[in-house]
file model.txt (compact mmCIF, C-alpha atoms)
# COMPACT_ATOMS: atom_id res chain seq x y z
CA MET C 27 26.07 2.06 -0.06
CA SER C 28 25.39 -1.08 -2.05
CA ALA C 29 22.52 -3.44 -1.47
CA PHE C 30 24.76 -6.13 -0.03
CA GLU C 31 26.47 -3.73 2.32
CA ASN C 32 23.09 -2.53 3.39
CA ALA C 33 21.53 -5.96 3.59
CA GLU C 34 22.34 -6.77 7.17
CA THR C 35 20.43 -3.84 8.55
CA ALA C 36 17.82 -3.71 5.83
CA PHE C 37 16.67 -7.31 6.08
CA VAL C 38 17.12 -8.22 9.67
CA SER C 39 13.45 -8.94 10.12
CA THR C 40 12.93 -10.86 6.92
CA THR C 41 16.10 -12.85 6.43
CA GLN C 42 16.99 -13.21 10.07
CA GLU C 43 20.27 -11.37 10.14
CA VAL C 44 21.86 -12.74 7.01
CA ASP C 45 25.07 -10.83 6.38
CA TRP C 46 24.87 -10.54 2.62
CA ALA C 47 28.30 -9.02 2.16
CA SER C 48 29.90 -11.99 3.92
CA VAL C 49 27.59 -14.40 2.14
CA TYR C 50 28.72 -13.01 -1.18
CA ASP C 51 32.43 -13.10 -0.37
CA GLU C 52 32.33 -16.57 1.11
CA LEU C 53 29.86 -18.37 -1.10
CA LEU C 54 30.47 -16.92 -4.55
CA PRO C 55 33.70 -18.97 -5.03
CA LYS C 56 31.96 -22.13 -3.82
CA VAL C 57 28.97 -21.65 -6.07
CA TYR C 58 31.24 -20.79 -8.98
CA HIS C 59 33.46 -23.86 -8.42
CA TYR C 60 30.39 -26.07 -8.08
CA PHE C 61 29.20 -24.93 -11.48
CA CYS C 62 32.72 -25.19 -12.96
CA LEU C 63 32.79 -28.86 -12.01
CA ARG C 64 29.22 -29.42 -13.13
CA VAL C 65 29.40 -27.82 -16.56
CA GLY C 66 33.16 -27.87 -17.14
CA ASN C 67 33.11 -24.39 -18.59
CA ARG C 68 34.13 -21.25 -16.76
CA ILE C 69 32.00 -18.88 -18.82
CA GLU C 70 28.88 -20.93 -18.29
CA ALA C 71 29.80 -21.33 -14.62
CA GLU C 72 29.94 -17.55 -14.26
CA ASP C 73 26.52 -17.19 -15.86
CA LEU C 74 25.02 -19.85 -13.63
CA ALA C 75 26.63 -18.42 -10.49
CA ALA C 76 25.29 -14.98 -11.41
CA SER C 77 21.80 -16.44 -11.94
CA THR C 78 22.01 -18.18 -8.58
CA PHE C 79 22.93 -15.05 -6.67
CA GLU C 80 20.40 -12.92 -8.50
CA ARG C 81 17.66 -15.43 -7.73
CA ALA C 82 18.79 -15.73 -4.11
CA TRP C 83 18.76 -11.96 -3.73
CA ARG C 84 15.35 -11.74 -5.35
CA ASP C 85 13.92 -14.48 -3.12
CA ARG C 86 15.82 -13.57 0.04
CA GLU C 87 12.63 -12.93 1.98
CA ARG C 88 11.66 -16.56 1.51
CA TYR C 89 14.74 -17.80 3.35
CA ARG C 90 13.86 -19.27 6.70
CA LYS C 91 16.63 -19.90 9.14
CA ASP C 92 14.60 -22.47 11.00
CA LEU C 93 14.42 -24.69 7.90
CA GLY C 94 18.17 -24.97 7.42
CA GLY C 95 21.44 -23.15 6.95
CA PHE C 96 21.84 -20.42 4.43
CA THR C 97 24.46 -22.37 2.45
CA ASN C 98 22.05 -25.24 1.96
CA TRP C 99 19.36 -22.82 0.85
CA LEU C 100 21.68 -21.12 -1.62
CA PHE C 101 22.87 -24.42 -3.08
CA GLY C 102 19.26 -25.51 -3.36
CA ILE C 103 18.80 -22.53 -5.64
CA ALA C 104 22.05 -23.37 -7.47
CA ARG C 105 20.85 -26.89 -8.18
CA HIS C 106 17.55 -25.53 -9.53
CA VAL C 107 19.47 -23.12 -11.73
CA LEU C 108 21.50 -26.03 -13.03
CA VAL C 109 18.38 -28.07 -13.80
CA ASP C 110 16.93 -25.09 -15.67
CA HIS C 111 20.19 -24.74 -17.54
CA TYR C 112 20.15 -28.40 -18.59
CA ARG C 113 16.51 -28.17 -19.57
CA LYS C 114 17.16 -25.12 -21.70
CA ASN C 115 20.19 -26.69 -23.36
CA GLN C 116 18.27 -29.88 -23.91
CA ARG C 117 15.77 -27.91 -25.99
CA GLU C 118 18.35 -25.88 -27.86
CA LYS C 119 21.21 -28.37 -28.11
CA PRO C 120 20.34 -31.99 -27.42
CA PHE C 121 22.88 -33.87 -25.29
CA SER C 122 24.54 -30.61 -24.29
CA HIS C 123 24.05 -31.45 -20.63
CA GLU C 124 27.10 -33.61 -21.09
CA ILE C 125 30.07 -31.93 -19.57
CA ARG C 126 32.02 -29.91 -22.09
CA VAL C 127 35.64 -29.00 -21.85
CA GLU C 128 35.93 -25.35 -22.68
CA GLU C 129 37.73 -24.38 -25.82
CA SER C 130 41.36 -23.64 -25.34
CA ILE C 131 42.13 -19.98 -24.93
CA GLN C 132 45.75 -18.98 -24.93
CA PRO C 133 46.31 -18.85 -21.15
CA LEU C 134 48.81 -16.79 -19.26
CA GLU C 135 51.77 -18.83 -18.08
CA GLU C 136 50.67 -18.46 -14.48
CA GLU C 137 47.22 -19.74 -15.30
CA ALA C 138 48.41 -22.52 -17.52
CA ILE C 139 49.04 -24.98 -14.70
CA HIS C 140 45.64 -24.32 -13.13
CA LYS C 141 43.96 -24.59 -16.47
CA GLU C 142 45.68 -27.84 -17.31
CA GLY C 143 44.67 -29.37 -13.98
CA PHE C 144 41.10 -28.14 -14.34
CA GLU C 145 40.78 -29.50 -17.87
CA HIS C 146 42.07 -32.82 -16.67
CA ILE C 147 39.50 -32.98 -13.88
CA VAL C 148 36.76 -32.02 -16.29
CA ARG C 149 37.81 -34.73 -18.72
CA VAL C 150 37.56 -37.34 -15.96
CA LEU C 151 34.24 -35.94 -14.76
CA ALA C 152 32.89 -36.16 -18.29
CA THR C 153 33.24 -39.91 -18.12
CA LEU C 154 31.35 -40.20 -14.83
CA PRO C 155 27.67 -40.83 -14.31
CA GLU C 156 25.49 -37.90 -13.24
CA ARG C 157 25.28 -38.90 -9.60
CA GLU C 158 29.05 -39.14 -9.15
CA ARG C 159 29.62 -35.83 -10.90
CA GLU C 160 27.14 -34.24 -8.49
CA ILE C 161 28.84 -35.79 -5.47
CA PHE C 162 32.27 -34.66 -6.66
CA SER C 163 31.03 -31.12 -7.39
CA LEU C 164 29.32 -30.83 -4.02
CA LYS C 165 32.46 -31.97 -2.28
CA PHE C 166 35.16 -30.00 -4.07
CA GLY C 167 33.13 -27.15 -5.50
CA ALA C 168 30.59 -26.41 -2.80
CA GLN C 169 32.88 -27.85 -0.10
CA PHE C 170 30.07 -29.74 1.59
CA THR C 171 30.86 -32.37 4.19
CA ASN C 172 30.30 -36.02 3.36
CA ARG C 173 27.37 -36.00 5.75
CA ALA C 174 25.73 -33.07 4.00
CA ILE C 175 26.28 -34.69 0.60
CA ALA C 176 24.81 -37.95 1.90
CA LYS C 177 21.72 -36.05 2.99
CA ILE C 178 21.32 -34.39 -0.40
CA THR C 179 21.99 -37.51 -2.47
CA LYS C 180 20.18 -39.84 -0.06
CA LEU C 181 23.21 -42.12 0.19
CA THR C 182 24.94 -43.21 3.35
CA GLU C 183 27.83 -41.11 4.55
CA SER C 184 30.24 -44.04 4.14
CA ASN C 185 28.99 -44.62 0.65
CA VAL C 186 29.71 -41.01 -0.23
CA GLY C 187 33.18 -41.33 1.30
CA THR C 188 33.91 -44.44 -0.73
CA ILE C 189 32.77 -42.87 -3.98
CA LEU C 190 34.84 -39.77 -3.37
CA HIS C 191 37.91 -41.75 -2.42
CA ARG C 192 37.64 -43.79 -5.59
CA LEU C 193 37.16 -40.69 -7.75
CA VAL C 194 40.09 -38.82 -6.26
CA SER C 195 42.39 -41.84 -6.60
CA ARG C 196 41.37 -42.28 -10.19
CA MET C 197 41.97 -38.66 -11.01
CA ARG C 198 45.37 -38.67 -9.36
CA GLU C 199 46.42 -41.77 -11.22
CA GLN C 200 45.30 -40.40 -14.55
CA MET C 201 47.10 -37.13 -13.91
CA GLU C 202 50.30 -38.95 -13.06
CA ASP C 203 49.94 -41.12 -16.14
CA GLU C 204 49.58 -38.05 -18.31
CA LYS C 205 52.73 -36.58 -16.80
CA MET M 21 43.03 -38.61 1.03
CA ASN M 22 45.27 -35.99 -0.54
CA ASP M 23 42.98 -33.89 -2.62
CA ASP M 24 44.89 -30.61 -2.71
CA PHE M 25 45.57 -31.06 -6.40
CA ILE M 26 41.83 -30.74 -7.04
CA TYR M 27 41.46 -27.49 -5.09
CA ASN M 28 44.58 -26.13 -6.73
CA ALA M 29 43.19 -26.88 -10.16
CA LEU M 30 39.94 -25.03 -9.63
CA PRO M 31 39.84 -21.70 -11.45
CA GLU M 32 39.70 -18.61 -9.31
CA VAL M 33 36.72 -16.32 -9.44
CA LYS M 34 37.64 -13.44 -11.68
CA LYS M 35 37.59 -10.17 -9.80
CA GLU M 36 35.89 -8.38 -12.70
CA PHE M 37 33.11 -10.97 -12.67
CA ALA M 38 32.65 -10.80 -8.90
CA ASP M 39 32.62 -7.00 -8.92
CA SER M 40 30.27 -6.68 -11.87
CA LEU M 41 27.80 -9.20 -10.39
CA TYR M 42 27.94 -7.37 -7.07
CA ARG M 43 27.19 -4.08 -8.81
CA ARG M 44 24.46 -5.59 -10.94
CA ILE M 45 22.55 -6.92 -7.95
CA SER M 46 23.17 -3.82 -5.87
CA ASN M 47 21.94 -1.46 -8.58
CA ASN M 48 18.85 -3.38 -9.43
CA LYS M 49 16.16 -0.70 -9.63
CA LEU M 50 13.38 -3.13 -8.92
CA GLU M 51 15.20 -4.14 -5.78
CA ARG M 52 15.38 -0.54 -4.72
CA LEU M 53 11.63 -0.32 -5.07
CA ARG M 54 11.23 -3.48 -3.04
CA ARG M 55 13.43 -2.02 -0.37
CA LEU M 56 11.02 0.89 -0.17
CA LYS M 57 8.33 -1.75 0.40
CA LEU M 58 6.24 -0.27 -2.38
CA ASN M 59 4.31 -3.37 -3.18
CA TRP M 60 1.02 -3.22 -5.05
CA SER M 61 -1.28 -3.43 -2.05
CA ARG M 62 0.58 -0.61 -0.35
CA MET M 63 0.43 1.52 -3.47
CA ALA M 64 -3.31 0.84 -3.78
CA LEU M 65 -3.81 1.98 -0.20
CA VAL M 66 -1.85 5.18 -0.85
CA ALA M 67 -3.93 5.83 -3.98
CA LEU M 68 -7.14 5.21 -2.08
CA GLY M 69 -6.01 7.58 0.68
CA ALA M 70 -5.22 10.25 -1.91
CA LEU M 71 -8.63 9.83 -3.52
CA LEU M 72 -10.36 10.06 -0.15
CA LEU M 73 -8.39 13.21 0.65
CA ILE M 74 -9.37 14.78 -2.66
CA ALA M 75 -13.01 13.82 -2.09
CA TRP M 76 -12.92 15.24 1.42
CA VAL M 77 -11.40 18.53 0.23
CA GLN M 78 -13.97 18.76 -2.55
CA PHE M 79 -16.75 18.02 -0.08
CA ARG M 80 -15.43 20.70 2.27
CA LEU M 81 -15.45 23.19 -0.58
CA TRP M 82 -19.12 22.45 -1.26
CA ILE M 83 -20.42 22.13 2.26
CA ARG M 84 -19.25 23.89 5.40
CA TYR M 85 -20.61 23.18 8.84
CA VAL M 86 -20.62 26.32 10.98
CA PRO M 87 -21.21 25.94 14.71
CA ILE M 88 -23.22 28.72 16.27
CA GLY M 89 -23.81 28.14 19.94
CA GLU M 90 -25.39 24.73 20.07
CA LEU M 91 -26.75 25.00 16.56
CA TRP M 92 -25.02 24.00 13.36
CA LEU M 93 -25.41 25.94 10.16
CA VAL M 94 -24.82 24.19 6.83
CA GLU M 95 -23.43 26.40 4.08
CA VAL M 96 -23.87 24.82 0.68
CA ASP M 97 -22.16 26.13 -2.45
CA ARG M 98 -23.91 23.77 -4.83
CA ILE M 99 -27.42 22.49 -4.70
CA ALA M 100 -28.41 19.00 -5.78
CA GLN M 101 -29.89 18.83 -9.28
CA ASN M 102 -32.38 16.18 -8.34
CA SER M 103 -35.52 17.73 -6.93
CA SER M 104 -36.20 14.65 -4.83
CA THR M 105 -33.05 15.30 -2.83
CA GLU M 106 -33.15 19.08 -2.90
CA PRO M 107 -32.41 20.61 0.47
CA ALA M 108 -35.16 22.29 2.38
CA SER M 109 -34.60 25.74 3.81
CA THR M 110 -34.17 23.94 7.09
CA LEU M 111 -33.83 20.27 7.86
CA PHE M 112 -35.98 20.73 10.92
CA ILE M 113 -39.65 20.50 10.00
CA PRO M 114 -42.05 20.57 12.96
CA THR M 115 -44.84 18.07 12.79
CA PRO M 116 -48.19 19.79 12.10
CA LEU M 117 -50.57 19.58 15.01
CA PRO M 118 -54.33 19.91 15.19
CA THR M 119 -55.39 23.45 15.97
CA SER M 120 -57.05 22.57 19.27
CA LEU M 121 -53.91 20.85 20.42
CA LYS M 122 -51.76 23.74 19.23
CA ASN M 123 -53.81 26.14 21.30
CA ARG M 124 -53.10 24.15 24.42
CA ILE M 125 -49.43 23.38 23.71
CA LEU M 126 -48.50 26.87 22.58
CA VAL M 127 -49.79 28.45 25.77
CA GLY M 128 -46.74 29.31 27.75
CA PHE M 129 -44.43 29.03 24.74
CA ILE M 130 -45.66 31.60 22.23
CA PRO M 131 -44.10 35.06 22.18
CA LEU M 132 -46.15 37.74 23.84
CA TRP M 133 -45.15 40.53 21.51
CA ALA M 134 -46.02 40.88 17.84
CA PRO M 135 -45.60 43.83 15.46
CA GLU M 136 -48.50 46.17 15.06
CA GLY M 137 -51.24 44.85 12.77
CA PHE M 138 -50.32 41.19 13.29
CA THR M 139 -52.60 38.92 15.30
CA PHE M 140 -51.92 35.40 16.44
CA GLU M 141 -53.61 32.71 14.34
CA PRO M 142 -53.43 29.22 15.86
CA GLU M 143 -54.11 27.49 12.50
CA ILE M 144 -50.87 28.80 11.04
CA ALA M 145 -49.08 28.67 14.38
CA GLY M 146 -48.12 32.30 13.92
CA TRP M 147 -49.28 35.81 13.15
CA ARG M 148 -51.01 37.30 10.16
CA ASN M 149 -51.91 40.86 9.19
CA ASN M 150 -54.58 42.25 6.93
CA ALA M 151 -52.26 42.08 3.94
CA GLN M 152 -52.07 38.28 4.56
CA GLU M 153 -48.41 38.59 5.47
CA GLU M 154 -47.47 35.85 7.91
CA ILE M 155 -44.98 35.21 10.64
CA HIS M 156 -44.64 31.50 11.43
CA PHE M 157 -43.51 30.21 14.76
CA SER M 158 -42.49 26.66 15.59
CA PHE M 159 -40.55 24.84 18.22
CA GLY M 160 -39.52 21.31 19.05
CA PRO M 161 -37.29 19.31 21.32
CA ARG M 162 -33.63 19.96 20.69
CA ALA M 163 -32.81 16.25 20.76
CA GLY M 164 -33.18 16.22 16.98
CA THR M 165 -30.27 18.42 16.07
CA MET M 166 -31.22 21.17 13.67
CA HIS M 167 -29.02 22.10 10.69
CA PRO M 168 -30.42 25.06 8.76
CA VAL M 169 -29.14 24.93 5.17
CA VAL M 170 -28.05 28.29 3.78
CA ALA M 171 -26.40 29.72 0.69
CA PRO M 172 -22.94 31.13 1.41
CA GLY M 173 -22.99 34.46 3.27
CA MET M 174 -26.78 34.58 3.61
CA TRP M 175 -26.77 34.47 7.38
CA LYS M 176 -25.38 36.12 10.49
CA GLU M 177 -25.05 35.25 14.11
CA VAL M 178 -27.31 37.27 16.40
CA ARG M 179 -28.36 37.09 20.06
CA VAL M 180 -31.76 36.16 21.48
CA ASP M 181 -31.83 36.76 25.21
CA SER M 182 -28.03 36.86 25.07
CA GLU M 183 -27.94 33.36 23.60
CA PRO M 184 -26.42 32.63 20.17
CA ALA M 185 -28.98 32.46 17.36
CA ILE M 186 -28.92 32.24 13.57
CA LEU M 187 -30.57 34.83 11.42
CA ILE M 188 -30.96 33.76 7.80
CA TYR M 189 -31.71 36.10 4.92
CA GLY M 190 -34.10 34.54 2.43
CA ARG M 191 -34.64 30.91 1.43
CA PHE M 192 -34.51 28.63 -1.58
CA ALA M 193 -36.77 29.91 -4.31
CA PRO M 194 -39.73 27.67 -5.14
CA ALA M 195 -39.12 25.13 -7.87
CA ASN M 196 -39.57 26.37 -11.41
CA PRO M 197 -42.79 24.77 -12.76
CA GLU M 198 -41.18 24.54 -16.20
CA ASN M 199 -38.16 22.78 -14.82
CA PRO M 200 -39.15 21.22 -11.50
CA SER M 201 -36.02 19.09 -11.32
CA GLY M 202 -33.73 22.03 -12.05
CA GLN M 203 -31.41 23.61 -9.56
CA ARG M 204 -33.17 25.90 -7.13
CA GLU M 205 -31.50 29.18 -6.36
CA TRP M 206 -31.32 31.03 -3.11
CA GLU M 207 -33.63 34.02 -3.00
CA GLN M 208 -32.40 36.61 -0.54
CA ASN M 209 -35.63 38.60 -0.42
CA LEU M 210 -37.90 35.75 0.53
CA GLY M 211 -38.13 36.78 4.18
CA LEU M 212 -36.08 35.97 7.26
CA GLN M 213 -35.53 32.91 9.43
CA LEU M 214 -34.47 33.01 13.02
CA HIS M 215 -33.35 29.87 14.86
CA TRP M 216 -32.40 29.73 18.50
CA ILE M 217 -32.35 27.43 21.50
CA ILE M 218 -33.84 27.97 24.91
CA GLY M 219 -33.59 25.19 27.43
CA ASP M 220 -34.56 21.91 25.83
CA TYR M 221 -36.30 23.45 22.82
CA VAL M 222 -35.29 24.71 19.43
CA TYR M 223 -37.38 27.66 18.18
CA THR M 224 -37.90 29.04 14.72
CA LEU M 225 -39.51 32.21 13.46
CA GLU M 226 -40.04 32.74 9.75
CA THR M 227 -41.29 35.45 7.45
CA PHE M 228 -41.82 35.11 3.71
CA GLY M 229 -41.21 38.56 2.36
CA PRO M 230 -39.57 41.92 3.13
CA TYR M 231 -42.29 43.08 5.51
CA LEU M 232 -40.51 42.63 8.82
CA SER M 233 -37.16 43.90 10.09
CA GLU M 234 -34.65 41.61 11.74
CA GLN M 235 -34.90 43.71 14.91
CA ASP M 236 -38.64 43.07 15.08
CA LEU M 237 -38.09 39.32 14.53
CA ILE M 238 -35.59 39.23 17.38
CA ARG M 239 -37.96 41.22 19.55
CA ILE M 240 -40.73 38.66 18.94
CA ALA M 241 -38.30 35.87 19.88
CA GLU M 242 -37.26 37.60 23.09
CA SER M 243 -40.89 38.04 24.17
CA ILE M 244 -41.36 34.36 24.96
CA PRO M 245 -42.31 34.29 28.66
call {"tool": "encode", "arguments": {"input": "model.txt", "output": "structure tokens"}}
result
Amino acid sequence: MSAFENAETAFVSTTQEVDWASVYDELLPKVYHYFCLRVGNRIEAEDLAASTFERAWRDRERYRKDLGGFTNWLFGIARHVLVDHYRKNQREKPFSHEIRVEESIQPLEEEAIHKEGFEHIVRVLATLPEREREIFSLKFGAQFTNRAIAKITKLTESNVGTILHRLVSRMREQMEDEK
Amino acid sequence: MNDDFIYNALPEVKKEFADSLYRRISNNKLERLRRLKLNWSRMALVALGALLLIAWVQFRLWIRYVPIGELWLVEVDRIAQNSSTEPASTLFIPTPLPTSLKNRILVGFIPLWAPEGFTFEPEIAGWRNNAQEEIHFSFGPRAGTMHPVVAPGMWKEVRVDSEPAILIYGRFAPANPENPSGQREWEQNLGLQLHWIIGDYVYTLETFGPYLSEQDLIRIAESIP
């Protein structure tokens, strides 16, 4: 039996009945997509997602249900992991925190459409300021509500909605132009 | 706001990546240790418990407490090297009393029978013969529990007036003048000791050489009125 399968019974008292198997299945794609949109590179996104889950698993006893939902806690870790990643890259490769479109790998035909769309989004995101990239990634990667994003970014909910609307419209237009 | 094109463009999580990460976290050996709750403080407690157990076993191998009736005998395998802490032949040492007081107190307590040739001498609280061989008698309240200290096997349980008593063969040899702090050995031939309890008093009879049989010592003890 794996640790995640065992987690629910093993950590009832410490993590207040967190179902780790479900957490993993449900939140891994969100964390991964959040990092994909933040760093624009699937390999780096995998590394960062792995770091996030490893750190969450290591620190699981610190999670307190009364202080907020588990998703918020996990994404708090994810954002710390991202900051560490930027800091490390800043030392090793200055300016590397800028979003980078991953090098083209010969994709399968089935993946090609996805890849093209993703690269397009990343190219648009690369032109955006940090705050808007974060809002976009939280919305479409982490799938947070506008209210949750407003709380994290300390903007008003309507402000977040306006920014997102503008970003999505811009992306759609650019995609249609490219077609 | 139609944003499906964004979700559709997001890359899927590779199954190999998801599975390998799942395995990596699940097989983390450190995590397994944490699941066993073996943190440092707990391990220190276990180590301390083990040390205490070892010390206790070692102590039990050196010293054994043997209950005999209401008395406790202490069997000691090893004797302390330091002469200042060396064990006495008995931990119970009656306080010396002035002779006049002894005469009065001992009346009614002293045994009535003594072996032939021995006469009662109040100054030694016992009997002496012409060869200056002595039999010492002492008693005291039993409130101060007595623990005669004996070398292994140098004792046996006997009866005085049907009550349990301890008969000890010999005593610790006197300290060696050339090595006063050295270990003192048990000398089996240095007389007999008899300890017993009657009522609220603990009694002791002692000899200091092989001049009296254990039967005679018990007979003296049983002659207390």
call {"tool": "residues_around", "arguments": {"input": "model.txt", "residues": "range 152-157 of chain C", "least_positions_apart": "3", "cutoff": "12 Å", "atoms": "all atoms listed in the file", "output": "ChimeraX atom specification"}}
result
/C:63-67,122-127,145-149,160-164,175-176,178-181,186,189-190,192-193,196-197
call {"tool": "residues_around", "arguments": {"input": "model.txt", "residues": "Arg68 in chain C", "least_positions_apart": "4", "cutoff": "10 Å", "atoms": "all atoms listed in the file", "output": "list in words"}}
result
Tyr58, His59, Phe61, Cys62, Leu63, Glu72, Asp73, Leu74, Val127 and Glu128 of chain C; Leu30, Pro31, Glu32, Val33 and Lys34 of chain M
call {"tool": "atom_distance", "arguments": {"input": "model.txt", "atom1": "CA of Asn209 in chain M", "atom2": "CA of Phe79 in chain M"}}
result
27.9 Å
call {"tool": "interface_residues", "arguments": {"input": "model.txt", "of": "chain M", "to": "chain C", "cutoff": "8 Å", "atoms": "all atoms listed in the file", "output": "PyMOL selection string"}}
result
chain M and resi 21+23+25-33+37-38+41-43+45-47+51+55
call {"tool": "atom_distance", "arguments": {"input": "model.txt", "atom1": "CA of Tyr221 in chain M", "atom2": "CA of Phe159 in chain M"}}
result
6.4 Å
call {"tool": "atom_distance", "arguments": {"input": "model.txt", "atom1": "CA of Thr97 in chain C", "atom2": "CA of Gln116 in chain C"}}
result
28.1 Å
call {"tool": "closest_residue", "arguments": {"input": "model.txt", "among": "C:Thr188, C:Glu87, C:Ala82, C:Asn115", "to": "Trp99 in chain C", "atoms": "all atoms listed in the file"}}
result
C:Ala82
call {"tool": "closest_residue", "arguments": {"input": "model.txt", "among": "C:Thr171, C:Ala104, C:Trp46, C:Asp203", "to": "Ser184 in chain C", "atoms": "all atoms listed in the file"}}
result
C:Thr171
call {"tool": "closest_residue", "arguments": {"input": "model.txt", "among": "C:Gln200, C:Ala168, C:Ser48, C:Arg159", "to": "Gly102 in chain C", "atoms": "only C-alpha atoms"}}
result
C:Ala168
call {"tool": "build_atoms", "arguments": {"input": "model.txt", "residues": "range 61-77 of chain C", "atoms": "N, CA and C atoms", "output": "CSV table (one decimal), keeping the file's coordinate frame"}}
result
chain,number,residue,atom,x,y,z
C,61,PHE,N,29.7,-25.0,-10.1
C,61,PHE,CA,29.2,-24.9,-11.5
C,61,PHE,C,30.3,-25.3,-12.4
C,62,CYS,N,31.6,-24.8,-12.1
C,62,CYS,CA,32.7,-25.2,-13.0
C,62,CYS,C,32.8,-26.7,-13.1
C,63,LEU,N,32.7,-27.4,-12.0
C,63,LEU,CA,32.8,-28.9,-12.0
C,63,LEU,C,31.6,-29.5,-12.7
C,64,ARG,N,30.4,-28.8,-12.5
C,64,ARG,CA,29.2,-29.4,-13.1
C,64,ARG,C,29.2,-29.2,-14.6
C,65,VAL,N,29.5,-28.1,-15.1
C,65,VAL,CA,29.4,-27.8,-16.6
C,65,VAL,C,30.7,-27.8,-17.3
C,66,GLY,N,31.8,-27.8,-16.5
C,66,GLY,CA,33.2,-27.9,-17.1
C,66,GLY,C,33.5,-26.7,-18.0
C,67,ASN,N,32.9,-25.6,-17.8
C,67,ASN,CA,33.1,-24.4,-18.6
C,67,ASN,C,33.0,-23.2,-17.7
C,68,ARG,N,34.1,-22.4,-17.7
C,68,ARG,CA,34.1,-21.2,-16.8
C,68,ARG,C,33.1,-20.1,-17.1
C,69,ILE,N,32.9,-19.9,-18.4
C,69,ILE,CA,32.0,-18.9,-18.8
C,69,ILE,C,30.6,-19.3,-18.4
C,70,GLU,N,30.2,-20.5,-18.7
C,70,GLU,CA,28.9,-20.9,-18.3
C,70,GLU,C,28.7,-20.9,-16.8
C,71,ALA,N,29.8,-21.3,-16.1
C,71,ALA,CA,29.8,-21.3,-14.6
C,71,ALA,C,29.6,-19.9,-14.1
C,72,GLU,N,30.2,-18.9,-14.7
C,72,GLU,CA,29.9,-17.6,-14.3
C,72,GLU,C,28.5,-17.2,-14.4
C,73,ASP,N,27.9,-17.5,-15.6
C,73,ASP,CA,26.5,-17.2,-15.9
C,73,ASP,C,25.6,-17.9,-14.8
C,74,LEU,N,25.9,-19.1,-14.6
C,74,LEU,CA,25.0,-19.8,-13.6
C,74,LEU,C,25.2,-19.3,-12.2
C,75,ALA,N,26.4,-19.0,-11.8
C,75,ALA,CA,26.6,-18.4,-10.5
C,75,ALA,C,25.9,-17.1,-10.4
C,76,ALA,N,26.0,-16.3,-11.4
C,76,ALA,CA,25.3,-15.0,-11.4
C,76,ALA,C,23.8,-15.2,-11.3
C,77,SER,N,23.3,-16.2,-12.0
C,77,SER,CA,21.8,-16.4,-11.9
C,77,SER,C,21.4,-16.9,-10.5
